[in-house]
>>> print(open('protein06.txt').read())   # compact mmCIF, C-alpha atoms and all ligand atoms
# COMPACT_ATOMS: atom_id res chain seq x y z
CA MET A 1380 98.59 113.23 112.67
CA GLU A 1381 99.06 109.67 113.88
CA ARG A 1382 100.38 107.70 110.95
CA ASP A 1383 99.86 103.98 110.95
CA GLN A 1384 101.61 103.40 107.62
CA ILE A 1385 105.41 103.43 107.50
CA ALA A 1386 106.36 103.70 103.84
CA LEU A 1387 109.73 103.69 102.09
CA GLY A 1388 110.42 105.63 98.89
CA ILE A 1389 111.33 103.80 95.69
CA ASP A 1390 114.91 105.06 96.03
CA GLU A 1391 115.16 103.19 99.32
CA LEU A 1392 114.50 99.78 97.77
CA PRO A 1393 117.48 97.62 98.87
CA THR A 1394 120.15 97.08 96.20
CA LYS A 1395 121.40 93.80 97.69
CA TRP A 1396 119.79 90.67 99.08
CA TYR A 1397 121.03 89.26 102.38
CA ASN A 1398 122.48 85.78 102.66
CA ILE A 1399 122.73 84.57 106.27
CA ILE A 1400 125.15 81.69 105.52
CA PRO A 1401 128.34 83.45 106.74
CA ASP A 1402 126.59 84.57 109.94
CA LEU A 1403 125.15 81.18 110.97
CA PRO A 1404 126.27 79.81 114.36
CA GLU A 1405 127.75 76.76 112.59
CA GLN A 1406 128.35 75.76 108.99
CA LEU A 1407 125.16 74.74 107.21
CA PRO A 1408 125.27 70.93 106.71
CA PRO A 1409 125.70 70.50 102.95
CA PRO A 1410 123.24 68.60 100.74
CA LYS A 1411 124.13 64.89 100.48
CA GLU A 1412 123.71 62.22 97.83
CA PRO A 1413 121.60 59.25 98.96
CA GLU A 1414 123.36 55.87 99.12
CA THR A 1415 121.51 54.46 96.14
CA GLY A 1416 120.32 55.71 92.77
CA PRO A 1417 121.63 58.35 90.37
CA SER A 1418 123.33 61.60 91.46
CA ARG A 1419 120.65 64.02 92.65
CA MET A 1420 123.09 66.96 92.48
CA GLU A 1421 123.75 66.31 88.79
CA PHE A 1422 120.01 66.01 88.25
CA LEU A 1423 119.35 69.39 89.90
CA ALA A 1424 122.14 70.98 87.86
CA GLN A 1425 120.28 69.75 84.76
CA VAL A 1426 116.81 71.00 85.66
CA MET A 1427 117.39 74.15 87.69
CA ILE A 1428 118.41 77.71 86.87
CA LYS A 1429 122.22 77.96 86.97
CA GLU A 1430 122.33 81.35 88.69
CA CYS A 1431 119.95 80.10 91.39
CA LEU A 1432 122.14 77.04 91.95
CA SER A 1433 125.18 79.26 92.29
CA GLN A 1434 123.33 81.43 94.83
CA GLU A 1435 122.37 78.20 96.59
CA MET A 1436 126.07 77.49 97.26
CA SER A 1437 127.08 81.10 97.85
CA SER A 1438 128.71 82.18 101.08
CA GLU A 1439 128.68 85.90 100.17
CA ARG A 1440 126.81 87.90 102.79
CA TRP A 1441 125.42 90.40 100.26
CA ILE A 1442 124.24 89.53 96.74
CA SER A 1443 123.59 92.38 94.28
CA ILE A 1444 120.05 92.55 92.95
CA PRO A 1445 120.30 93.10 89.17
CA GLU A 1446 118.83 96.44 88.02
CA GLU A 1447 116.23 94.60 85.90
CA ILE A 1448 114.95 92.72 88.98
CA ARG A 1449 114.87 95.95 91.00
CA GLU A 1450 112.76 97.46 88.17
CA LEU A 1451 110.40 94.47 88.39
CA TYR A 1452 110.22 94.87 92.18
CA ILE A 1453 109.29 98.52 91.80
CA HIS A 1454 106.80 97.64 89.06
CA MET A 1455 105.05 95.24 91.46
CA GLY A 1456 104.83 97.81 94.20
CA ARG A 1457 107.96 97.42 96.33
CA PRO A 1458 108.97 98.69 98.79
CA ARG A 1459 105.87 97.51 100.65
CA PRO A 1460 104.53 99.35 103.71
CA LEU A 1461 104.86 98.35 107.32
CA TYR A 1462 101.74 99.11 109.37
CA ARG A 1463 101.12 99.81 113.01
CA ALA A 1464 97.97 97.78 113.78
CA ARG A 1465 96.37 100.52 115.87
CA ARG A 1466 92.80 99.38 115.26
CA LEU A 1467 93.59 95.79 116.12
CA GLU A 1468 95.42 96.97 119.25
CA LYS A 1469 92.26 98.81 120.26
CA ILE A 1470 90.01 95.78 119.72
CA LEU A 1471 92.41 93.68 121.81
CA GLY A 1472 92.61 96.36 124.52
CA LEU A 1473 96.39 96.61 124.27
CA LYS A 1474 98.03 99.38 126.24
CA LYS A 1475 101.60 98.19 126.67
CA VAL A 1476 102.03 96.09 123.54
CA ARG A 1477 102.52 97.65 120.10
CA LEU A 1478 101.61 95.50 117.10
CA TYR A 1479 103.00 95.98 113.60
CA TYR A 1480 102.58 94.07 110.35
CA LYS A 1481 104.35 93.96 107.00
CA ARG A 1482 102.03 93.90 103.99
CA GLU A 1483 103.15 91.24 101.52
CA ASP A 1484 99.49 90.89 100.51
CA LEU A 1485 99.96 93.96 98.30
CA SER A 1486 101.80 91.86 95.73
CA PRO A 1487 99.92 91.70 92.36
CA THR A 1488 99.07 88.03 92.84
CA GLY A 1489 98.43 88.38 96.56
CA SER A 1490 101.52 87.03 98.35
CA HIS A 1491 105.24 87.26 99.06
CA LYS A 1492 105.92 84.57 96.46
CA THR A 1493 106.41 87.12 93.65
CA ASN A 1494 109.68 88.28 95.32
CA THR A 1495 111.47 85.14 94.20
CA ALA A 1496 109.25 84.39 91.17
CA VAL A 1497 110.36 87.47 89.21
CA ALA A 1498 114.01 86.84 90.14
CA GLN A 1499 113.84 83.21 88.97
CA ALA A 1500 111.99 84.12 85.76
CA TYR A 1501 114.58 86.82 85.00
CA TYR A 1502 117.52 84.42 85.44
CA ALA A 1503 115.76 81.67 83.42
CA LEU A 1504 115.20 84.06 80.52
CA LYS A 1505 118.84 85.18 80.67
CA GLU A 1506 119.91 81.54 80.45
CA GLY A 1507 117.85 81.07 77.28
CA LYS A 1508 115.03 79.00 78.82
CA THR A 1509 111.50 79.11 77.44
CA THR A 1510 109.40 77.35 80.09
CA LEU A 1511 109.15 77.45 83.88
CA SER A 1512 107.74 74.35 85.56
CA THR A 1513 106.72 74.15 89.17
CA GLU A 1514 104.43 72.85 91.91
CA THR A 1515 102.04 74.82 94.04
CA GLY A 1516 100.17 74.12 97.29
CA ALA A 1517 98.01 77.05 98.26
CA GLY A 1518 98.18 78.26 94.66
CA GLN A 1519 99.99 81.44 95.65
CA TRP A 1520 103.37 80.25 94.35
CA GLY A 1521 101.84 78.98 91.10
CA THR A 1522 100.08 82.29 90.52
CA ALA A 1523 103.25 84.22 91.34
CA LEU A 1524 105.30 82.19 88.87
CA ALA A 1525 102.58 82.47 86.20
CA TYR A 1526 102.68 86.26 86.74
CA ALA A 1527 106.48 86.40 86.49
CA ALA A 1528 106.44 84.22 83.36
CA SER A 1529 103.86 86.42 81.71
CA LEU A 1530 105.86 89.60 82.53
CA LEU A 1531 108.93 88.08 80.89
CA ASP A 1532 107.20 86.29 78.02
CA LEU A 1533 107.91 82.74 79.21
CA GLU A 1534 105.68 79.65 79.31
CA CYS A 1535 104.61 78.33 82.72
CA VAL A 1536 103.50 74.79 83.69
CA ILE A 1537 102.06 74.24 87.16
CA PHE A 1538 101.34 71.05 89.14
CA TRP A 1539 98.80 71.98 91.78
CA VAL A 1540 98.07 69.83 94.89
CA LYS A 1541 94.69 68.25 94.11
CA SER A 1542 93.01 68.92 97.45
CA VAL A 1543 93.40 72.66 96.80
CA TYR A 1544 93.09 72.63 92.99
CA ASP A 1545 89.56 71.30 93.47
CA TRP A 1546 88.28 74.20 95.57
CA LYS A 1547 90.30 77.28 94.56
CA VAL A 1548 88.42 77.86 91.34
CA ASP A 1549 89.08 81.60 91.15
CA ARG A 1550 92.81 81.30 91.67
CA LYS A 1551 92.88 78.66 88.92
CA THR A 1552 91.15 81.14 86.62
CA LEU A 1553 93.77 83.77 87.48
CA MET A 1554 96.63 81.36 86.64
CA LYS A 1555 94.97 80.52 83.32
CA LEU A 1556 94.35 84.21 82.55
CA LEU A 1557 98.07 84.73 83.07
CA GLY A 1558 98.64 82.09 80.38
CA ALA A 1559 99.83 79.14 82.54
CA LYS A 1560 99.09 75.43 81.97
CA VAL A 1561 97.70 74.06 85.23
CA TYR A 1562 97.46 70.35 86.20
CA SER A 1563 95.87 68.80 89.27
CA SER A 1564 98.59 66.82 91.12
CA PRO A 1565 98.97 63.81 91.20
CA SER A 1566 98.48 64.03 87.43
CA MET A 1567 98.76 61.67 84.49
CA GLU A 1568 101.45 63.96 82.96
CA THR A 1569 104.35 62.36 84.87
CA LYS A 1570 105.58 58.94 85.98
CA THR A 1571 105.44 59.97 89.65
CA GLY A 1572 101.86 61.18 89.31
CA LYS A 1573 100.77 57.96 87.57
CA GLU A 1574 102.44 55.83 90.26
CA VAL A 1575 100.71 57.67 93.11
CA LEU A 1576 97.35 57.48 91.34
CA SER A 1577 97.74 53.76 90.66
CA LYS A 1578 98.12 53.14 94.42
CA ASN A 1579 95.49 55.66 95.46
CA PRO A 1580 93.21 57.08 92.75
CA ASN A 1581 91.71 59.45 95.35
CA SER A 1582 95.03 60.82 96.59
CA PRO A 1583 94.54 64.44 97.73
CA GLY A 1584 98.15 65.08 96.69
CA SER A 1585 100.80 66.93 98.67
CA LEU A 1586 103.50 69.50 98.02
CA GLY A 1587 106.07 66.69 98.06
CA ILE A 1588 104.28 64.85 95.21
CA ALA A 1589 103.75 68.04 93.21
CA ILE A 1590 107.45 68.95 93.52
CA SER A 1591 108.34 65.54 92.08
CA GLU A 1592 106.02 66.18 89.14
CA GLY A 1593 107.42 69.64 88.44
CA LEU A 1594 110.99 68.31 88.51
CA GLU A 1595 110.12 65.42 86.23
CA TYR A 1596 108.42 67.76 83.75
CA ALA A 1597 111.52 69.97 83.54
CA GLU A 1598 113.73 66.92 83.08
CA THR A 1599 111.69 65.59 80.18
CA HIS A 1600 110.87 68.83 78.30
CA GLU A 1601 113.47 70.77 76.28
CA GLY A 1602 113.94 74.42 77.27
CA SER A 1603 112.20 73.90 80.63
CA VAL A 1604 113.60 74.72 84.05
CA TYR A 1605 112.21 73.85 87.41
CA CYS A 1606 111.52 76.68 89.86
CA LEU A 1607 110.96 76.12 93.57
CA GLY A 1608 109.00 78.59 95.68
CA SER A 1609 110.40 77.83 99.13
CA VAL A 1610 112.87 75.82 101.26
CA LEU A 1611 116.08 76.36 99.26
CA ASN A 1612 118.74 78.92 100.22
CA HIS A 1613 118.37 81.01 97.06
CA VAL A 1614 114.62 81.43 97.66
CA LEU A 1615 115.32 82.66 101.20
CA ILE A 1616 117.96 85.03 99.79
CA HIS A 1617 115.41 86.58 97.38
CA GLN A 1618 112.81 86.82 100.16
CA SER A 1619 115.27 88.73 102.38
CA ILE A 1620 113.99 91.85 100.60
CA ILE A 1621 111.04 91.71 103.05
CA GLY A 1622 113.18 91.86 106.19
CA LEU A 1623 115.66 94.36 104.74
CA GLU A 1624 112.84 96.80 104.03
CA THR A 1625 111.33 96.14 107.46
CA LEU A 1626 114.67 96.87 109.18
CA LYS A 1627 114.77 100.29 107.46
CA GLN A 1628 111.12 100.95 108.34
CA PHE A 1629 111.63 100.28 112.05
CA ASP A 1630 114.76 102.46 111.99
CA LEU A 1631 112.71 105.27 110.41
CA ILE A 1632 110.36 105.36 113.40
CA ASP A 1633 113.06 104.60 115.95
CA GLU A 1634 111.35 101.43 117.11
CA LYS A 1635 112.89 98.01 117.77
CA PRO A 1636 110.80 94.85 117.45
CA ASP A 1637 111.13 92.42 120.37
CA LEU A 1638 109.37 89.60 118.56
CA ILE A 1639 108.99 88.78 114.86
CA ILE A 1640 106.35 86.30 113.78
CA GLY A 1641 105.66 84.63 110.46
CA CYS A 1642 103.72 81.59 109.34
CA LEU A 1643 105.89 78.73 108.17
CA GLY A 1644 105.41 75.97 105.64
CA GLY A 1645 108.78 75.53 103.96
CA GLY A 1646 110.11 78.72 105.51
CA SER A 1647 110.52 81.37 102.80
CA ASN A 1648 108.02 83.89 104.17
CA PHE A 1649 109.20 83.48 107.73
CA GLY A 1650 112.85 83.51 106.64
CA GLY A 1651 112.18 86.50 104.39
CA ILE A 1652 111.29 88.76 107.26
CA ALA A 1653 113.30 87.11 110.03
CA LEU A 1654 116.75 86.38 108.56
CA PRO A 1655 117.98 89.99 108.19
CA PHE A 1656 117.00 90.55 111.86
CA ILE A 1657 118.49 87.21 112.96
CA GLY A 1658 121.72 88.20 111.17
CA GLU A 1659 121.94 91.31 113.35
CA VAL A 1660 121.17 89.27 116.48
CA LEU A 1661 123.95 86.82 115.59
CA GLN A 1662 126.34 89.73 115.01
CA GLY A 1663 125.45 91.06 118.47
CA LYS A 1664 123.83 94.21 117.03
CA ARG A 1665 120.30 93.71 118.37
CA GLU A 1666 118.08 91.60 120.60
CA CYS A 1667 114.91 90.08 119.20
CA GLU A 1668 112.96 86.82 119.37
CA PHE A 1669 111.48 84.88 116.48
CA LEU A 1670 108.36 82.73 116.34
CA ALA A 1671 107.19 80.50 113.47
CA ALA A 1672 103.44 79.76 113.31
CA GLN A 1673 102.51 76.35 111.92
CA SER A 1674 99.67 73.88 111.54
CA LEU A 1675 99.50 70.56 113.38
CA ALA A 1676 98.88 69.13 109.88
CA ALA A 1677 102.59 69.76 109.22
CA PRO A 1678 104.35 70.73 112.45
CA ASN A 1679 107.82 70.18 111.04
CA LEU A 1680 109.61 72.52 113.50
CA VAL A 1681 107.47 71.45 116.46
CA LYS A 1682 107.36 67.67 116.04
CA GLY A 1683 109.90 66.92 113.30
CA GLU A 1684 113.27 65.28 113.70
CA TYR A 1685 116.48 67.13 112.69
CA LYS A 1686 118.00 64.77 110.11
CA TYR A 1687 118.79 64.32 106.44
CA ASP A 1688 115.68 63.79 104.29
CA PHE A 1689 114.47 64.20 100.74
CA GLY A 1690 112.63 67.37 99.74
CA ASP A 1691 110.04 65.45 97.73
CA VAL A 1692 108.07 62.21 97.71
CA GLY A 1693 109.65 60.97 94.48
CA GLU A 1694 113.18 61.31 95.98
CA HIS A 1695 114.47 63.43 93.10
CA THR A 1696 116.22 65.93 95.38
CA PRO A 1697 119.47 65.44 97.29
CA LEU A 1698 119.19 64.81 101.02
CA LEU A 1699 118.95 68.04 103.01
CA LYS A 1700 119.43 68.37 106.76
CA MET A 1701 116.08 69.63 107.98
CA TYR A 1702 113.47 69.30 110.72
CA THR A 1703 111.29 66.80 108.93
CA LEU A 1704 108.21 64.66 109.48
CA GLY A 1705 109.49 62.25 106.82
CA HIS A 1706 109.09 62.84 103.09
CA LYS A 1707 106.48 60.09 102.74
CA ILE A 1708 104.17 61.32 105.49
CA GLU A 1709 100.49 61.77 104.59
CA MET A 1710 99.14 65.08 105.88
CA VAL A 1711 95.49 65.94 106.39
CA PRO A 1712 94.22 68.69 104.08
CA ILE A 1713 93.67 72.11 105.68
CA LYS A 1714 92.52 75.39 104.20
CA ALA A 1715 95.96 76.96 104.77
CA ASP A 1716 97.43 74.43 102.41
CA GLY A 1717 100.60 76.47 101.83
CA LEU A 1718 101.72 75.39 105.31
CA ARG A 1719 101.44 71.69 104.52
CA TYR A 1720 105.05 70.73 103.81
CA HIS A 1721 106.91 67.90 105.54
CA ALA A 1722 110.12 69.81 106.34
CA ALA A 1723 111.49 73.26 107.08
CA ALA A 1724 114.26 74.93 105.06
CA PRO A 1725 117.81 73.82 106.05
CA ILE A 1726 118.72 77.38 107.17
CA ILE A 1727 115.58 77.71 109.31
CA SER A 1728 116.11 74.19 110.70
CA LEU A 1729 119.67 74.97 111.76
CA LEU A 1730 118.49 78.13 113.53
CA ARG A 1731 115.75 76.15 115.22
CA HIS A 1732 118.33 73.57 116.30
CA HIS A 1733 120.24 76.41 117.99
CA ASN A 1734 117.04 77.59 119.63
CA ILE A 1735 117.16 80.97 117.87
CA ILE A 1736 113.73 80.32 116.37
CA LYS A 1737 110.73 79.16 118.40
CA ALA A 1738 107.69 77.50 116.86
CA VAL A 1739 104.03 76.91 117.67
CA ALA A 1740 101.51 74.66 115.86
CA TYR A 1741 97.72 75.12 115.82
CA PRO A 1742 94.97 72.45 115.53
CA THR A 1743 93.91 71.28 112.10
CA ASP A 1744 90.27 72.38 112.51
CA GLU A 1745 91.68 75.92 112.05
CA LYS A 1746 88.84 77.45 114.08
CA THR A 1747 91.00 79.81 116.11
CA ILE A 1748 92.93 80.74 112.98
CA PHE A 1749 89.87 81.88 111.03
CA GLU A 1750 88.57 83.71 114.09
CA ALA A 1751 91.86 85.62 114.34
CA ALA A 1752 91.52 86.50 110.65
CA ARG A 1753 88.00 87.84 111.22
CA THR A 1754 89.18 89.97 114.15
CA PHE A 1755 92.01 91.29 111.99
CA LEU A 1756 89.63 92.09 109.11
CA GLN A 1757 87.25 93.92 111.39
CA GLY A 1758 90.11 95.97 112.83
CA GLU A 1759 92.47 96.58 109.94
CA GLY A 1760 89.96 96.34 107.09
CA TRP A 1761 91.42 93.71 104.78
CA LEU A 1762 91.32 89.95 104.63
CA PRO A 1763 94.55 87.98 105.21
CA ALA A 1764 95.30 84.65 103.51
CA PRO A 1765 94.50 81.58 105.63
CA GLU A 1766 98.27 80.87 105.90
CA SER A 1767 99.02 84.42 107.06
CA SER A 1768 96.27 84.15 109.64
CA TYR A 1769 98.46 81.69 111.56
CA ALA A 1770 100.92 84.54 112.12
CA ILE A 1771 98.05 86.77 113.18
CA ARG A 1772 96.79 84.12 115.62
CA ALA A 1773 100.26 83.83 117.13
CA GLY A 1774 100.65 87.63 117.15
CA ILE A 1775 97.38 88.11 119.02
CA ASP A 1776 98.19 85.32 121.50
CA GLU A 1777 101.66 86.73 122.22
CA ALA A 1778 100.32 90.28 122.52
CA LEU A 1779 97.63 89.26 125.02
CA LYS A 1780 100.14 87.22 127.01
CA ALA A 1781 102.58 90.15 127.27
CA GLU A 1782 99.77 92.60 128.07
CA LYS A 1783 98.53 90.35 130.87
CA ALA A 1784 102.04 90.15 132.27
CA GLY A 1785 102.29 93.96 132.14
CA GLU A 1786 105.19 93.72 129.71
CA GLU A 1787 105.97 96.44 127.18
CA LYS A 1788 106.56 94.67 123.87
CA VAL A 1789 106.83 95.45 120.16
CA ILE A 1790 105.59 92.61 117.97
CA CYS A 1791 105.85 92.47 114.19
CA MET A 1792 103.86 90.00 112.10
CA ASN A 1793 104.71 89.28 108.49
CA ILE A 1794 101.43 88.97 106.63
CA SER A 1795 102.38 86.87 103.67
CA GLY A 1796 99.23 87.27 101.58
CA HIS A 1797 95.60 88.31 101.19
CA GLY A 1798 92.59 86.03 101.32
CA PHE A 1799 90.32 87.62 98.72
CA LEU A 1800 90.58 84.51 96.55
CA ASP A 1801 89.96 82.25 99.57
CA LEU A 1802 86.48 83.46 100.44
CA ILE A 1803 84.99 79.97 100.12
CA ALA A 1804 87.26 78.84 102.96
CA TYR A 1805 86.14 81.75 105.13
CA LYS A 1806 82.50 81.04 104.38
CA GLU A 1807 82.90 77.38 105.32
CA LYS A 1808 85.12 77.77 108.39
CA LEU A 1809 83.20 80.68 109.91
CA GLU A 1810 79.85 79.09 108.99
CA LEU A 1811 78.56 82.15 107.14
CA LYS A 1812 75.24 81.66 105.41
C1 LIG Z 1901 100.05 83.09 101.60
C2 LIG Z 1901 101.13 82.12 101.95
N1 LIG Z 1901 101.83 82.31 103.08
C3 LIG Z 1901 102.79 81.46 103.47
C4 LIG Z 1901 103.08 80.33 102.74
C5 LIG Z 1901 104.09 79.39 103.29
O1 LIG Z 1901 105.18 79.18 102.48
P1 LIG Z 1901 106.63 79.46 103.01
O2 LIG Z 1901 106.77 78.85 104.34
O3 LIG Z 1901 107.56 78.96 102.03
O4 LIG Z 1901 106.70 80.93 103.07
C6 LIG Z 1901 102.40 80.10 101.54
C7 LIG Z 1901 102.72 78.93 100.71
O5 LIG Z 1901 102.12 78.64 99.72
C8 LIG Z 1901 101.41 81.02 101.14
O6 LIG Z 1901 100.70 80.84 100.03
>>> encode(input="protein06.txt", output="structure tokens")
Amino acid sequence: MERDQIALGIDELPTKWYNIIPDLPEQLPPPKEPETGPSRMEFLAQVMIKECLSQEMSSERWISIPEEIRELYIHMGRPRPLYRARRLEKILGLKKVRLYYKREDLSPTGSHKTNTAVAQAYYALKEGKTTLSTETGAGQWGTALAYAASLLDLECVIFWVKSVYDWKVDRKTLMKLLGAKVYSSPSMETKTGKEVLSKNPNSPGSLGIAISEGLEYAETHEGSVYCLGSVLNHVLIHQSIIGLETLKQFDLIDEKPDLIIGCLGGGSNFGGIALPFIGEVLQGKRECEFLAAQSLAAPNLVKGEYKYDFGDVGEHTPLLKMYTLGHKIEMVPIKADGLRYHAAAPIISLLRHHNIIKAVAYPTDEKTIFEAARTFLQGEGWLPAPESSYAIRAGIDEALKAEKAGEEKVICMNISGHGFLDLIAYKEKLELK
């Protein structure tokens, strides 16, 4: 029997997360206070989960996953399978190239975001908090946090980028069913939101604005903590569960990926799969290349500048050294809204700076992206999220390039989510009647 699913047993779920900090080619530039205004570090210490902040500063290579979080991971279906994309290979006529994909779509809310959401909710509860506040772009992070809050009996308040809030009606319903309060961002709930709306009442919003609103909400509401779904070191640590499982899965079948691909907005999905492999490359234990797939709406790794910048429009965060397009940049709306962030995580940016990560950005009409998703659906039988389809586009392009060059190559795509709540986007972009 030819098996295309490579599964791990529950007992093989990793017991530790991986932190790449001690293996980086140079020390990660630390966060900095801006020259003016109040201390952003003190502000973050006030509004964020203490354990997450301590992980943020940690230089331990391995961080134990508490038993309770491992139970939650198992409850939500981890470990997740790795697939050999045999049917897609056949459609593409691949003979020399083998394509694999990791299935983060199998998460209860449809994306990788639950990996850090349940960890953050667990730590918040342990620290006596009652409410989780956050932003969301694509809606996947908001849904994941609403899910984690409901599992652990916490309240959840979500500021959702308006341009997406307006069309993702079904995902909004899911968040509300999970018991979350959901606001369109910019909103009238915060000072930042009111300021943006006073300048531009039709602002489509952005992740940067929504982050400012989530932070401000946590600051002004007792018992609330702010949870971030990407960019920061602790989020990448939690997401390392993806790559750690994938390492074991490739070992099981005695296969070594030559190229790992993930879509990248802030960098947690890409980092999640890539960092455990990059760690081994940096330790001289393996050879592998890494490719981040982005949109030209937010090509932070492709066109950004490597410098200190704020993580949000309202300048609540400290300055982080990142590839950035500038925290005030206005980005055109796209269907893969989860990729629309002005900067890439400091860890990912440093690795990009050292040329360990390559990046590609696709046009904002997203035509080739949605076509790749359709090809994938017709081969593999399930619909990827618009964001994940960027990784599929890049995976197909790289596979065809290698095949044409007569190169034997093993490519692994991390498929961050499913698109069953994004059908309107598919209908519109593929002009289905
Ligand atoms: C399905 C999906 N994939 C990928 C991303 C990109 O986020 P990140 O780069 O932090 O993984 C998002 C963000 O919302 C998402 O919803």
>>> residues_near_ligand(input="protein06.txt", ligand="ligand LIG 1901 (chain Z)", cutoff="6 Å", atoms="only C-alpha atoms and all ligand atoms", output="PDB file with C-alpha atoms, in the coordinates of the input")
ATOM      1  CA  SER A1490     101.520  87.030  98.350  1.00  0.00           C
ATOM      2  CA  GLY A1516     100.170  74.120  97.290  1.00  0.00           C
ATOM      3  CA  ALA A1517      98.010  77.050  98.260  1.00  0.00           C
ATOM      4  CA  GLN A1519      99.990  81.440  95.650  1.00  0.00           C
ATOM      5  CA  TRP A1520     103.370  80.250  94.350  1.00  0.00           C
ATOM      6  CA  SER A1609     110.400  77.830  99.130  1.00  0.00           C
ATOM      7  CA  CYS A1642     103.720  81.590 109.340  1.00  0.00           C
ATOM      8  CA  LEU A1643     105.890  78.730 108.170  1.00  0.00           C
ATOM      9  CA  GLY A1644     105.410  75.970 105.640  1.00  0.00           C
ATOM     10  CA  GLY A1645     108.780  75.530 103.960  1.00  0.00           C
ATOM     11  CA  GLY A1646     110.110  78.720 105.510  1.00  0.00           C
ATOM     12  CA  SER A1647     110.520  81.370 102.800  1.00  0.00           C
ATOM     13  CA  ASN A1648     108.020  83.890 104.170  1.00  0.00           C
ATOM     14  CA  PHE A1649     109.200  83.480 107.730  1.00  0.00           C
ATOM     15  CA  GLY A1717     100.600  76.470 101.830  1.00  0.00           C
ATOM     16  CA  LEU A1718     101.720  75.390 105.310  1.00  0.00           C
ATOM     17  CA  ALA A1764      95.300  84.650 103.510  1.00  0.00           C
ATOM     18  CA  GLU A1766      98.270  80.870 105.900  1.00  0.00           C
ATOM     19  CA  SER A1767      99.020  84.420 107.060  1.00  0.00           C
ATOM     20  CA  SER A1795     102.380  86.870 103.670  1.00  0.00           C
ATOM     21  CA  GLY A1796      99.230  87.270 101.580  1.00  0.00           C
TER      22      GLY A1796
END
>>> closest_residue(input="protein06.txt", among="A:Ser1768, A:Asn1494, A:Thr1513, A:Thr1571", to="A:Ile1640", atoms="only C-alpha atoms")
A:Ser1768
>>> residues_near_point(input="protein06.txt", point="(101.2, 93.3, 125.8)", cutoff="12 Å", atoms="all atoms listed in the file", output="PyMOL selection string")
chain A and resi 1468-1469+1471-1478+1637-1638+1774-1790
>>> write_last_selection(input="protein06.txt", atoms="C-alpha atoms", output="PDB file, keeping the file's coordinate frame")
ATOM      1  CA  GLU A1468      95.420  96.970 119.250  1.00  0.00           C
ATOM      2  CA  LYS A1469      92.260  98.810 120.260  1.00  0.00           C
ATOM      3  CA  LEU A1471      92.410  93.680 121.810  1.00  0.00           C
ATOM      4  CA  GLY A1472      92.610  96.360 124.520  1.00  0.00           C
ATOM      5  CA  LEU A1473      96.390  96.610 124.270  1.00  0.00           C
ATOM      6  CA  LYS A1474      98.030  99.380 126.240  1.00  0.00           C
ATOM      7  CA  LYS A1475     101.600  98.190 126.670  1.00  0.00           C
ATOM      8  CA  VAL A1476     102.030  96.090 123.540  1.00  0.00           C
ATOM      9  CA  ARG A1477     102.520  97.650 120.100  1.00  0.00           C
ATOM     10  CA  LEU A1478     101.610  95.500 117.100  1.00  0.00           C
ATOM     11  CA  ASP A1637     111.130  92.420 120.370  1.00  0.00           C
ATOM     12  CA  LEU A1638     109.370  89.600 118.560  1.00  0.00           C
ATOM     13  CA  GLY A1774     100.650  87.630 117.150  1.00  0.00           C
ATOM     14  CA  ILE A1775      97.380  88.110 119.020  1.00  0.00           C
ATOM     15  CA  ASP A1776      98.190  85.320 121.500  1.00  0.00           C
ATOM     16  CA  GLU A1777     101.660  86.730 122.220  1.00  0.00           C
ATOM     17  CA  ALA A1778     100.320  90.280 122.520  1.00  0.00           C
ATOM     18  CA  LEU A1779      97.630  89.260 125.020  1.00  0.00           C
ATOM     19  CA  LYS A1780     100.140  87.220 127.010  1.00  0.00           C
ATOM     20  CA  ALA A1781     102.580  90.150 127.270  1.00  0.00           C
ATOM     21  CA  GLU A1782      99.770  92.600 128.070  1.00  0.00           C
ATOM     22  CA  LYS A1783      98.530  90.350 130.870  1.00  0.00           C
ATOM     23  CA  ALA A1784     102.040  90.150 132.270  1.00  0.00           C
ATOM     24  CA  GLY A1785     102.290  93.960 132.140  1.00  0.00           C
ATOM     25  CA  GLU A1786     105.190  93.720 129.710  1.00  0.00           C
ATOM     26  CA  GLU A1787     105.970  96.440 127.180  1.00  0.00           C
ATOM     27  CA  LYS A1788     106.560  94.670 123.870  1.00  0.00           C
ATOM     28  CA  VAL A1789     106.830  95.450 120.160  1.00  0.00           C
ATOM     29  CA  ILE A1790     105.590  92.610 117.970  1.00  0.00           C
TER      30      ILE A1790
END
>>> residues_around(input="protein06.txt", residues="A:Thr1495", least_positions_apart="2", cutoff="7 Å", atoms="only C-alpha atoms", output="PyMOL selection string")
chain A and resi 1492-1493+1497-1499+1614+1617-1618
>>> closest_atom_pairs(input="protein06.txt", of="stretch 1575-1692 of chain A", to="stretch 1402-1413 of chain A", cutoff="8 Å", atoms="all atoms listed in the file", output="JSON lines")
{"residue": "A:Gly1658", "atom": "CA", "partner": "A:Asp1402", "partner_atom": "CA", "distance": 6.2}
{"residue": "A:Leu1661", "atom": "CA", "partner": "A:Asp1402", "partner_atom": "CA", "distance": 6.6}
{"residue": "A:Gln1662", "atom": "CA", "partner": "A:Asp1402", "partner_atom": "CA", "distance": 7.2}
>>> atom_distance(input="protein06.txt", atom1="atom CA of A:Gly1572", atom2="atom CA of A:Glu1709")
15.4 Å
>>> residues_around(input="protein06.txt", residues="A:Tyr1605", least_positions_apart="2", cutoff="6 Å", atoms="only C-alpha atoms", output="ChimeraX atom specification")
/A:1426-1427,1511-1513,1594,1597
>>> closest_residue(input="protein06.txt", among="A:Tyr1526, A:Trp1761, A:Tyr1769, A:Trp1539", to="A:Thr1747", atoms="only C-alpha atoms")
A:Tyr1769
